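As C-alpha cells, the structure follows; a few thoughts come after it.
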Amino acid sequence: MELQEKIQILSGAAKYDVSCASCGVSRFAAQGLGSTVSAGICHSWSDDGRCVSLLKVLLTNYCIYDCAYCVNRRSNDVPRAAFTPEELIDLTIQFYKRNYIEGLFLSSGVVQSPDHTMERLICVAQTLRERRHYHGYIHLKVIPGSSA
C-alpha cells in the first residue's frame with residue numbers, strides 16, 4: 001500500500017477522536033493560499049491561545065475489539081491500514097522539517113493486545129525523542145487495558 005493511501009485511511013480514522021476542531025476540514029473548495037490540508041493535519045490551540053498544527057493519525061485502524069460505538073471496530077467493513085513505527089517516525093520528521101506540523105497526535109486500534117499496541121506507540125514517541133531528537137509536541141493516547 002502506498003504511503004499516501006495509508007495517510008488518508010489512518011488520518012480519516014483518527015478524526016473521530018475528539019480533540020481537534022478542524023481535522024480534515026478544507027477552508028475552501030479550491031486549493032491555494034489559506035486552504036487546509038485534509039489528510040491528517042488538524043489545528044488545536046495551546047494554553048496561551050496559539051493555533052498549532054498537528055499530524056493526527058492512528059498507528060493502525062485494525063482492531064481486535066468489536067465496540068459498537070467505534071468506526072474501527074473489527075466487524076466494520078472499512079479500508080484497513082497500518083504504519084510501521086519507522087514509517088510514522090519518518091513521516092512526522094518530514095512534515096515537521098517542512099513546517100507542515102508542530103506536533104503529533106497519535107492513537108491506534110488495538111492489535112494483538114493492549115500491551116503490544118502500547119509498546120508500539122511508546123516506540124514511536126521514544127524514538128522520536130531519543131534517537132531523532134524531535135522536540136515538537138507529542139500527544140500520545142493511552143490504550144485502555146494496557147499495563148502501567
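Just remember, in the C-alpha cells the first chain shown is A, the second B, etc., residues are 1-based per chain, and ligands are 1-based in the order shown.
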Could you pull out the helix (DSSP H, G or I) residues of stretch 37-148 of chain A, going by DSSP on the backbone, and write them as a ChimeraX atom specification?
/A:85-97,114-131
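For chain A, the set of residues given strand (DSSP E or B) by DSSP on the backbone reads A:Ile41, A:Cys42, A:His43, A:Ser44, A:Trp45, A:Cys51, A:Val52, A:Ser53, A:Leu54, A:Leu55, A:Lys56, A:Val57, A:Leu58, A:Thr60, A:Ala82, A:Gly103, A:Leu104, A:Phe105, A:Leu106, A:Ser107, A:Tyr137, A:Ile138, A:His139, A:Leu140.
Counting from atom CA of A:Ala14, the distance to atom CA of A:Ser107 is 7.5 Å.
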For A:Ser11, list every protein, DNA or RNA residue within 12 Å, evaluated using only C-alpha atoms, and leave out those in the same chain fewer than 6 positions away; present the list as a PyMOL selection string.
chain A and resi 3-5+17+23-25+37-42+54-61+80-83+88+104-108
Output C-alpha atoms of each residue in that selection to a file, as a PDB file, in the first residue's frame.
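Dumped to result-v3.pdb:
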```pdb
ATOM      1  CA  LEU A   3       2.176   5.890   1.904  1.00  0.00           C
ATOM      2  CA  GLN A   4      -0.365   8.477   0.703  1.00  0.00           C
ATOM      3  CA  GLU A   5      -3.136   5.874   0.881  1.00  0.00           C
ATOM      4  CA  ASP A  17     -11.048  11.055  18.287  1.00  0.00           C
ATOM      5  CA  CYS A  23      -9.358  17.995  11.412  1.00  0.00           C
ATOM      6  CA  GLY A  24      -9.931  17.088   7.806  1.00  0.00           C
ATOM      7  CA  VAL A  25     -11.784  20.321   7.077  1.00  0.00           C
ATOM      8  CA  VAL A  37      -4.573  20.053   4.159  1.00  0.00           C
ATOM      9  CA  SER A  38      -7.287  17.478   4.708  1.00  0.00           C
ATOM     10  CA  ALA A  39      -5.128  14.369   5.065  1.00  0.00           C
ATOM     11  CA  GLY A  40      -4.068  14.283   8.686  1.00  0.00           C
ATOM     12  CA  ILE A  41      -3.354  17.893   9.585  1.00  0.00           C
ATOM     13  CA  CYS A  42      -5.555  19.343  12.299  1.00  0.00           C
ATOM     14  CA  LEU A  54      -0.800  18.556  14.429  1.00  0.00           C
ATOM     15  CA  LEU A  55      -0.391  15.396  12.398  1.00  0.00           C
ATOM     16  CA  LYS A  56      -3.329  13.407  13.746  1.00  0.00           C
ATOM     17  CA  VAL A  57      -3.184   9.735  12.777  1.00  0.00           C
ATOM     18  CA  LEU A  58      -3.644   6.229  14.038  1.00  0.00           C
ATOM     19  CA  LEU A  59      -0.749   3.797  14.027  1.00  0.00           C
ATOM     20  CA  THR A  60      -3.309   1.305  12.715  1.00  0.00           C
ATOM     21  CA  ASN A  61      -7.061   1.051  12.357  1.00  0.00           C
ATOM     22  CA  ARG A  80      -7.606  -1.057   6.851  1.00  0.00           C
ATOM     23  CA  ALA A  81      -4.022   0.116   7.043  1.00  0.00           C
ATOM     24  CA  ALA A  82      -1.087   0.233   9.419  1.00  0.00           C
ATOM     25  CA  PHE A  83       2.110   2.220   9.668  1.00  0.00           C
ATOM     26  CA  LEU A  88       5.379   7.086  11.145  1.00  0.00           C
ATOM     27  CA  LEU A 104       1.948  14.672  16.552  1.00  0.00           C
ATOM     28  CA  PHE A 105      -1.390  13.375  17.861  1.00  0.00           C
ATOM     29  CA  LEU A 106      -1.111   9.578  17.916  1.00  0.00           C
ATOM     30  CA  SER A 107      -3.587   6.856  18.798  1.00  0.00           C
ATOM     31  CA  SER A 108      -4.257   3.372  17.480  1.00  0.00           C
TER      32      SER A 108
END
```
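When only C-alpha atoms are used to compute distances to A:Ala148, the closest of the residues A:Pro85, A:Pro114, A:Gly103, A:Gly12 turns out to be A:Pro114.
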With distances taken over only C-alpha atoms, the candidate from A:Ala13, A:Ile64, A:Ile101, A:Leu121 nearest A:Gly136 is A:Ile101
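Among the candidate residues A:Tyr134, A:Lys6, A:Tyr16, A:Ser147, the one lying nearest to A:Val71 is A:Tyr16, with distances computed using only C-alpha atoms.
The two atoms in question, atom CA of A:Asp90 and atom CA of A:Gln126, are spaced 13.3 Å apart.
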Can you pull out every residue within 10 Å of A:Arg120, counting only C-alpha atoms, but drop anything in the same chain fewer than 2 positions away, and send it as a ChimeraX atom specification?
/A:59,84-85,108,111,115-118,122-126
Residue contacts of A:Ser113 (10 Å, only C-alpha atoms) excluding same-chain residues fewer than 6 positions away, as JSON, numbers by chain:
{"A": [63, 64, 65, 119, 143, 145, 146]}
Can you write out the residues you just picked, keeping all heavy atoms, as a PDB file, in the first residue's frame?
```pdb
ATOM      1  N   CYS A  63      -8.288  -3.598  14.553  1.00  0.00           N
ATOM      2  CA  CYS A  63      -8.589  -3.700  15.972  1.00  0.00           C
ATOM      3  C   CYS A  63      -9.145  -5.086  16.291  1.00  0.00           C
ATOM      4  O   CYS A  63      -9.931  -5.642  15.519  1.00  0.00           O
ATOM      5  CB  CYS A  63      -9.589  -2.624  16.390  1.00  0.00           C
ATOM      6  SG  CYS A  63      -9.718  -2.464  18.194  1.00  0.00           S
ATOM      7  N   ILE A  64      -8.736  -5.609  17.443  1.00  0.00           N
ATOM      8  CA  ILE A  64      -9.212  -6.922  17.871  1.00  0.00           C
ATOM      9  C   ILE A  64     -10.586  -6.836  18.522  1.00  0.00           C
ATOM     10  O   ILE A  64     -11.252  -7.845  18.700  1.00  0.00           O
ATOM     11  CB  ILE A  64      -8.214  -7.606  18.834  1.00  0.00           C
ATOM     12  CG1 ILE A  64      -8.011  -6.788  20.105  1.00  0.00           C
ATOM     13  CG2 ILE A  64      -6.899  -7.883  18.125  1.00  0.00           C
ATOM     14  CD1 ILE A  64      -7.169  -7.475  21.188  1.00  0.00           C
ATOM     15  N   TYR A  65     -11.007  -5.618  18.894  1.00  0.00           N
ATOM     16  CA  TYR A  65     -12.279  -5.435  19.585  1.00  0.00           C
ATOM     17  C   TYR A  65     -13.394  -5.071  18.617  1.00  0.00           C
ATOM     18  O   TYR A  65     -13.151  -4.593  17.513  1.00  0.00           O
ATOM     19  CB  TYR A  65     -12.157  -4.363  20.669  1.00  0.00           C
ATOM     20  CG  TYR A  65     -11.176  -4.745  21.751  1.00  0.00           C
ATOM     21  CD1 TYR A  65     -10.050  -3.978  21.986  1.00  0.00           C
ATOM     22  CD2 TYR A  65     -11.367  -5.874  22.533  1.00  0.00           C
ATOM     23  CE1 TYR A  65      -9.140  -4.321  22.978  1.00  0.00           C
ATOM     24  CE2 TYR A  65     -10.473  -6.229  23.525  1.00  0.00           C
ATOM     25  CZ  TYR A  65      -9.362  -5.451  23.743  1.00  0.00           C
ATOM     26  OH  TYR A  65      -8.470  -5.804  24.728  1.00  0.00           O
ATOM     27  N   GLU A 119       3.142  -0.661  23.482  1.00  0.00           N
ATOM     28  CA  GLU A 119       4.587  -0.746  23.268  1.00  0.00           C
ATOM     29  C   GLU A 119       4.980  -0.130  21.926  1.00  0.00           C
ATOM     30  O   GLU A 119       5.998   0.563  21.821  1.00  0.00           O
ATOM     31  CB  GLU A 119       5.067  -2.197  23.341  1.00  0.00           C
ATOM     32  CG  GLU A 119       5.101  -2.751  24.743  1.00  0.00           C
ATOM     33  CD  GLU A 119       5.393  -4.243  24.794  1.00  0.00           C
ATOM     34  OE1 GLU A 119       5.694  -4.843  23.727  1.00  0.00           O
ATOM     35  OE2 GLU A 119       5.317  -4.814  25.890  1.00  0.00           O
ATOM     36  N   ILE A 143      -3.701   3.359  25.566  1.00  0.00           N
ATOM     37  CA  ILE A 143      -4.597   2.295  25.126  1.00  0.00           C
ATOM     38  C   ILE A 143      -5.278   1.695  26.356  1.00  0.00           C
ATOM     39  O   ILE A 143      -4.597   1.214  27.281  1.00  0.00           O
ATOM     40  CB  ILE A 143      -3.834   1.200  24.335  1.00  0.00           C
ATOM     41  CG1 ILE A 143      -3.159   1.807  23.100  1.00  0.00           C
ATOM     42  CG2 ILE A 143      -4.764   0.055  23.961  1.00  0.00           C
ATOM     43  CD1 ILE A 143      -4.106   2.423  22.086  1.00  0.00           C
ATOM     44  N   GLY A 145      -6.740  -0.705  28.963  1.00  0.00           N
ATOM     45  CA  GLY A 145      -6.413  -2.089  29.296  1.00  0.00           C
ATOM     46  C   GLY A 145      -4.932  -2.403  29.258  1.00  0.00           C
ATOM     47  O   GLY A 145      -4.535  -3.521  29.586  1.00  0.00           O
ATOM     48  N   SER A 146      -4.091  -1.432  28.888  1.00  0.00           N
ATOM     49  CA  SER A 146      -2.641  -1.709  28.864  1.00  0.00           C
ATOM     50  C   SER A 146      -2.076  -1.615  30.286  1.00  0.00           C
ATOM     51  O   SER A 146      -2.611  -0.937  31.146  1.00  0.00           O
ATOM     52  CB  SER A 146      -1.926  -0.749  27.927  1.00  0.00           C
ATOM     53  OG  SER A 146      -2.074   0.594  28.343  1.00  0.00           O
TER      54      SER A 146
END
```
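With atom CA of A:His135 on one side and atom CA of A:Ile93 on the other, the separation reads 10.3 Å.
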